[in-house]
Each structure stands twice: as C-alpha cells, then as structure tokens.
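Containing JSON, C-alpha atoms: data-v8.json.
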[["chain", "number", "residue", "atom", "x", "y", "z"],
["A", 108, "MET", "CA", 77.22, 92.16, 104.86],
["A", 109, "GLU", "CA", 79.68, 93.58, 102.38],
["A", 110, "PHE", "CA", 79.40, 95.23, 99.00],
["A", 111, "ILE", "CA", 81.24, 97.39, 96.48],
["A", 112, "VAL", "CA", 80.24, 100.79, 95.13],
["A", 113, "ALA", "CA", 81.97, 101.60, 91.84],
["A", 114, "GLY", "CA", 83.55, 105.02, 91.45],
["A", 115, "ALA", "CA", 85.04, 107.62, 93.74],
["A", 116, "PRO", "CA", 82.97, 108.65, 96.75],
["A", 117, "ARG", "CA", 81.52, 112.13, 96.93],
["A", 118, "SER", "CA", 82.70, 114.34, 99.72],
["A", 119, "ALA", "CA", 80.30, 115.84, 102.22],
["A", 120, "ASN", "CA", 81.49, 119.13, 100.67],
["A", 121, "ALA", "CA", 80.56, 118.19, 97.07],
["A", 122, "ASN", "CA", 77.70, 119.93, 95.29],
["A", 123, "PRO", "CA", 74.20, 118.70, 96.28],
["A", 124, "ARG", "CA", 73.45, 117.05, 92.93],
["A", 125, "SER", "CA", 76.69, 115.06, 92.99],
["A", 126, "ARG", "CA", 76.08, 113.97, 96.61],
["A", 127, "ARG", "CA", 72.51, 112.89, 95.76],
["A", 128, "ARG", "CA", 73.66, 110.77, 92.81],
["A", 129, "TRP", "CA", 76.32, 109.16, 95.02],
["A", 130, "ARG", "CA", 73.79, 108.38, 97.78],
["A", 131, "GLU", "CA", 71.53, 106.77, 95.16],
["A", 132, "ARG", "CA", 74.43, 104.65, 93.84],
["A", 133, "VAL", "CA", 75.26, 103.54, 97.39],
["A", 134, "SER", "CA", 71.61, 102.66, 98.08],
["A", 135, "ARG", "CA", 71.37, 100.57, 94.88],
["A", 136, "ALA", "CA", 74.57, 98.67, 95.67],
["A", 137, "ALA", "CA", 73.41, 97.93, 99.23],
["A", 138, "ARG", "CA", 69.92, 96.86, 98.09],
["A", 139, "GLU", "CA", 71.47, 94.29, 95.75],
["A", 140, "CYS", "CA", 73.00, 92.59, 98.80],
["A", 141, "VAL", "CA", 69.96, 92.78, 101.07],
["A", 142, "GLU", "CA", 67.25, 90.15, 100.84],
["A", 143, "GLN", "CA", 63.96, 91.51, 99.44],
["A", 144, "GLU", "CA", 62.05, 90.81, 102.64],
["A", 145, "ASP", "CA", 64.72, 92.16, 105.00],
["A", 146, "GLU", "CA", 63.84, 95.33, 106.83],
["A", 147, "PRO", "CA", 66.49, 97.81, 107.92],
["A", 148, "THR", "CA", 67.88, 96.83, 111.31],
["A", 149, "ASP", "CA", 66.91, 98.57, 114.52],
["A", 150, "GLN", "CA", 70.20, 97.49, 116.11],
["A", 151, "ASP", "CA", 73.43, 99.45, 116.28],
["A", 152, "VAL", "CA", 76.01, 98.61, 113.61],
["A", 153, "ALA", "CA", 79.72, 98.87, 112.94],
["A", 154, "VAL", "CA", 80.66, 100.09, 109.46],
["A", 155, "LEU", "CA", 83.96, 99.73, 107.63],
["A", 156, "ILE", "CA", 84.50, 101.94, 104.57],
["A", 157, "ILE", "CA", 87.61, 101.62, 102.40],
["A", 158, "TYR", "CA", 88.06, 103.84, 99.38],
["A", 159, "PHE", "CA", 90.42, 102.13, 96.92],
["A", 160, "TYR", "CA", 91.85, 104.52, 94.38],
["A", 161, "GLN", "CA", 94.44, 104.63, 91.64],
["A", 162, "GLY", "CA", 96.74, 107.60, 91.16],
["A", 163, "GLU", "CA", 96.06, 110.55, 93.45],
["A", 164, "THR", "CA", 93.05, 111.69, 95.46],
["A", 165, "THR", "CA", 92.15, 114.95, 97.16],
["A", 166, "LEU", "CA", 89.41, 113.40, 99.28],
["A", 167, "ASP", "CA", 89.79, 113.71, 103.03],
["A", 168, "VAL", "CA", 88.94, 110.57, 104.98],
["A", 169, "ASP", "CA", 86.59, 112.48, 107.29],
["A", 170, "ASN", "CA", 84.50, 113.68, 104.33],
["A", 171, "ILE", "CA", 84.00, 110.24, 102.76],
["A", 172, "ALA", "CA", 81.60, 108.72, 105.30],
["A", 173, "LYS", "CA", 78.69, 111.17, 105.54],
["A", 174, "SER", "CA", 77.19, 110.86, 102.05],
["A", 175, "LEU", "CA", 77.82, 107.12, 102.02],
["A", 176, "LEU", "CA", 76.08, 106.57, 105.37],
["A", 177, "ASP", "CA", 73.16, 108.71, 104.19],
["A", 178, "GLY", "CA", 72.81, 106.33, 101.23],
["A", 179, "LEU", "CA", 72.50, 103.37, 103.62],
["A", 180, "LYS", "CA", 69.59, 104.88, 105.56],
["A", 181, "ALA", "CA", 66.37, 102.89, 105.13],
["A", 182, "VAL", "CA", 68.36, 100.10, 103.45],
["A", 183, "LEU", "CA", 70.72, 98.69, 106.12],
["A", 184, "PHE", "CA", 69.60, 100.71, 109.11],
["A", 185, "ARG", "CA", 66.81, 103.14, 109.87],
["A", 186, "ASP", "CA", 69.06, 106.09, 110.74],
["A", 187, "ASP", "CA", 72.80, 106.69, 110.68],
["A", 188, "ARG", "CA", 72.62, 107.39, 114.44],
["A", 189, "GLN", "CA", 72.71, 103.59, 114.71],
["A", 190, "VAL", "CA", 76.32, 103.54, 113.50],
["A", 191, "SER", "CA", 78.14, 103.11, 116.80],
["A", 192, "GLU", "CA", 81.53, 102.31, 115.28],
["A", 193, "LEU", "CA", 82.98, 103.66, 112.04],
["A", 194, "LEU", "CA", 86.32, 102.99, 110.39],
["A", 195, "VAL", "CA", 87.11, 104.90, 107.21],
["A", 196, "ARG", "CA", 90.26, 104.34, 105.21],
["A", 197, "LYS", "CA", 91.60, 105.31, 101.80],
["A", 198, "THR", "CA", 94.03, 102.95, 100.11],
["A", 199, "ARG", "CA", 95.93, 103.36, 96.85],
["A", 200, "PHE", "CA", 95.77, 100.15, 94.90],
["A", 201, "ALA", "CA", 97.36, 98.49, 91.90],
["A", 202, "ALA", "CA", 97.79, 94.98, 90.56],
["A", 203, "GLY", "CA", 99.46, 92.78, 93.14],
["A", 204, "LEU", "CA", 98.19, 94.68, 96.20],
["A", 205, "SER", "CA", 98.37, 92.34, 99.19],
["A", 206, "LEU", "CA", 95.68, 92.59, 101.86],
["A", 207, "THR", "CA", 95.85, 90.59, 105.07],
["A", 208, "GLY", "CA", 92.53, 89.59, 106.61],
["A", 209, "ALA", "CA", 90.45, 90.55, 103.58],
["A", 210, "SER", "CA", 87.41, 88.51, 102.57],
["A", 211, "LEU", "CA", 87.45, 86.59, 99.30],
["A", 212, "TYR", "CA", 84.80, 89.03, 98.06],
["A", 213, "LEU", "CA", 87.11, 92.00, 98.63],
["A", 214, "LEU", "CA", 90.16, 90.25, 97.21],
["A", 215, "ASP", "CA", 88.22, 89.43, 94.05],
["A", 216, "ALA", "CA", 87.06, 93.06, 93.72],
["A", 217, "VAL", "CA", 90.59, 94.40, 94.16],
["A", 218, "GLU", "CA", 91.88, 92.01, 91.52],
["A", 219, "ARG", "CA", 89.13, 92.91, 89.01],
["A", 220, "MET", "CA", 89.32, 96.65, 89.57],
["A", 221, "SER", "CA", 93.11, 96.87, 89.57],
["A", 222, "GLN", "CA", 93.10, 95.57, 86.00],
["A", 223, "ALA", "CA", 90.78, 98.36, 84.81],
["A", 224, "GLU", "CA", 92.29, 101.82, 84.42],
["A", 225, "GLY", "CA", 90.62, 104.48, 86.56],
["A", 226, "SER", "CA", 88.40, 102.00, 88.41],
["A", 227, "ASP", "CA", 88.22, 103.52, 91.86],
["A", 228, "PHE", "CA", 85.73, 101.86, 94.18],
["A", 229, "VAL", "CA", 84.49, 101.83, 97.75],
["A", 230, "TYR", "CA", 84.25, 98.68, 99.84],
["A", 231, "VAL", "CA", 81.61, 98.74, 102.57],
["A", 232, "ARG", "CA", 81.14, 96.19, 105.32],
["A", 233, "ALA", "CA", 78.45, 96.41, 107.99],
["A", 234, "ASP", "CA", 78.46, 94.19, 111.06],
["A", 235, "PRO", "CA", 76.55, 94.09, 114.34],
["A", 236, "ALA", "CA", 77.92, 96.66, 116.77],
["A", 237, "PRO", "CA", 80.87, 95.48, 118.85],
["A", 238, "ASP", "CA", 80.93, 94.98, 122.59],
["A", 239, "HIS", "CA", 81.45, 98.55, 123.74],
["A", 240, "SER", "CA", 82.74, 97.45, 127.12],
["A", 241, "ARG", "CA", 85.94, 96.44, 125.31],
["A", 242, "ILE", "CA", 88.27, 99.15, 124.05],
["A", 243, "PRO", "CA", 89.81, 98.28, 120.65]]

Can I see the file as structure tokens?
Amino acid sequence: MEFIVAGAPRSANANPRSRRRWRERVSRAARECVEQEDEPTDQDVAVLIIYFYQGETTLDVDNIAKSLLDGLKAVLFRDDRQVSELLVRKTRFAAGLSLTGASLYLLDAVERMSQAEGSDFVYVRADPAPDHSRIP
C-alpha cells in the first residue's frame, strides 16, 4: 500500500501539539487507502518513507519516522514494533525530477506537487516484511 501525506513531517522533537496534528493527518491519509473492513495487520511490515521538499529543510532523517509511524498505529499495524524494516529518505524535488523504479502513483504525485509552490509532501509505502535471512 502507498499513500501521500501533504505537508512537511513533524520531527520527533517538535512540540506535542504539532506532533499530534501530524499523527492525525498521517492516520487520515492511511485510512483513505485502507478498505473499511480491513483490520490492522498482525504481521511484520517494511516501511518506506520519503520526504519530498522544495527549497531547504532542517529536518533530520532520523527524526522523521517516529511521529509518522505513531500515526500508522491501529490503521496499518497494531504497534510500530511490527516495523521490521524502515527506510527513510529526504529528497529535494522540482519539476522534471527523474525517479527510477517509482510507482505511477508516486510519479503522478511528484508531478502534481512540483507544480505547486511550497508543496512539500511525504510518500509512504508499506509492504510485507522482507525475508530476513537475506541481507540487503
């Protein structure tokens, strides 16, 4: 499953109110992609998070994931302990950005958002956990 959350992510170090609003935005975006009758999985998952931004950012990659994963609890998975693989990236984007291996959904989002000034967003993809006997 993949989805977009509009706006810049909130750092784990942001004020509590700002983090709460961000978690709620993440939860809403994820719920829109989940079928009504689907329950959060009990299985381990792999999560990819890419923060696409224009201009400059002061966010550290290691502070992006925590609040976002908290927003996915009880929507995609029961607890963020189920995230057995996590890749977090931040990428500056502009019109004409070329991405190899991106889904059509992500390519469309990059195209739309790059045309709007100040339209930072976060792309999230969750997949079943990988085979942990294989080292990436």

Selection: 12 Å around Glu218 of chain A, only C-alpha atoms, excl. self and same-chain fewer than 6 positions, as JSON, numbers by chain: {"A": [159, 200, 201, 202, 203, 204, 205, 206, 211, 212, 226, 228]}

12 Å contact set for Leu183 of chain A, only C-alpha atoms, chain neighbours under 2 positions out, as a PyMOL selection string: chain A and resi 108-110+133-143+145-154+175-181+185-187+189-190+231-235

Among listed residues A:Arg196, A:Asp215, A:Ser125, A:Glu131, nearest Val182 of chain A (using all atoms listed in the file): A:Glu131

Could you tell me, as a PDB file with C-alpha atoms, in the coordinates of the input, which residues have any atom at most 12 Å from (86.3, 110.4, 107.6), counting all atoms listed in the file?
ATOM      1  CA  PRO A 116      82.970 108.650  96.750  1.00  0.00           C
ATOM      2  CA  ARG A 117      81.520 112.130  96.930  1.00  0.00           C
ATOM      3  CA  SER A 118      82.700 114.340  99.720  1.00  0.00           C
ATOM      4  CA  ALA A 119      80.300 115.840 102.220  1.00  0.00           C
ATOM      5  CA  VAL A 154      80.660 100.090 109.460  1.00  0.00           C
ATOM      6  CA  LEU A 155      83.960  99.730 107.630  1.00  0.00           C
ATOM      7  CA  ILE A 156      84.500 101.940 104.570  1.00  0.00           C
ATOM      8  CA  ILE A 157      87.610 101.620 102.400  1.00  0.00           C
ATOM      9  CA  TYR A 158      88.060 103.840  99.380  1.00  0.00           C
ATOM     10  CA  LEU A 166      89.410 113.400  99.280  1.00  0.00           C
ATOM     11  CA  ASP A 167      89.790 113.710 103.030  1.00  0.00           C
ATOM     12  CA  VAL A 168      88.940 110.570 104.980  1.00  0.00           C
ATOM     13  CA  ASP A 169      86.590 112.480 107.290  1.00  0.00           C
ATOM     14  CA  ASN A 170      84.500 113.680 104.330  1.00  0.00           C
ATOM     15  CA  ILE A 171      84.000 110.240 102.760  1.00  0.00           C
ATOM     16  CA  ALA A 172      81.600 108.720 105.300  1.00  0.00           C
ATOM     17  CA  LYS A 173      78.690 111.170 105.540  1.00  0.00           C
ATOM     18  CA  SER A 174      77.190 110.860 102.050  1.00  0.00           C
ATOM     19  CA  LEU A 175      77.820 107.120 102.020  1.00  0.00           C
ATOM     20  CA  LEU A 176      76.080 106.570 105.370  1.00  0.00           C
ATOM     21  CA  LEU A 193      82.980 103.660 112.040  1.00  0.00           C
ATOM     22  CA  LEU A 194      86.320 102.990 110.390  1.00  0.00           C
ATOM     23  CA  VAL A 195      87.110 104.900 107.210  1.00  0.00           C
ATOM     24  CA  ARG A 196      90.260 104.340 105.210  1.00  0.00           C
ATOM     25  CA  LYS A 197      91.600 105.310 101.800  1.00  0.00           C
TER      26      LYS A 197
END

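Atom CA of Ile111 of chain A to atom CA of Val229 of chain A spans 5.6 Å [interatomic distance, one decimal].
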
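By chain and then residue number, the residues within 12 Å of Pro243 of chain A are Glu192, Leu194, Pro237, Asp238 and His239 of chain A, counting only C-alpha atoms and disregarding those fewer than 4 positions away in sequence.
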
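When atom CA of Asp227 of chain A is paired with atom CA of Tyr160 of chain A, their separation reads 4.5 Å.
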
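Atom pair atom CA of Gly208 of chain A / atom CA of Met220 of chain A has a distance of 18.7 Å (rounded to one decimal).
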
Quick one: axis-aligned box around all listed atoms of segment 140-153 of chain A, 6 Å on every side, centre and edge lengths in Å to one decimal, written as AutoDock Vina command-line options.
--center_x 70.9 --center_y 94.8 --center_z 107.5 --size_x 29.7 --size_y 21.3 --size_z 29.5

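If you measure from each of A:Val112, A:Gln222, A:Thr165, A:Thr207 to Arg132 of chain A using all atoms listed in the file, the closest one turns out to be A:Val112.
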
Residue nearest Arg219 of chain A among A:Ser191, A:Trp129, A:Phe184, A:Ala113 (counting all atoms listed in the file): A:Ala113
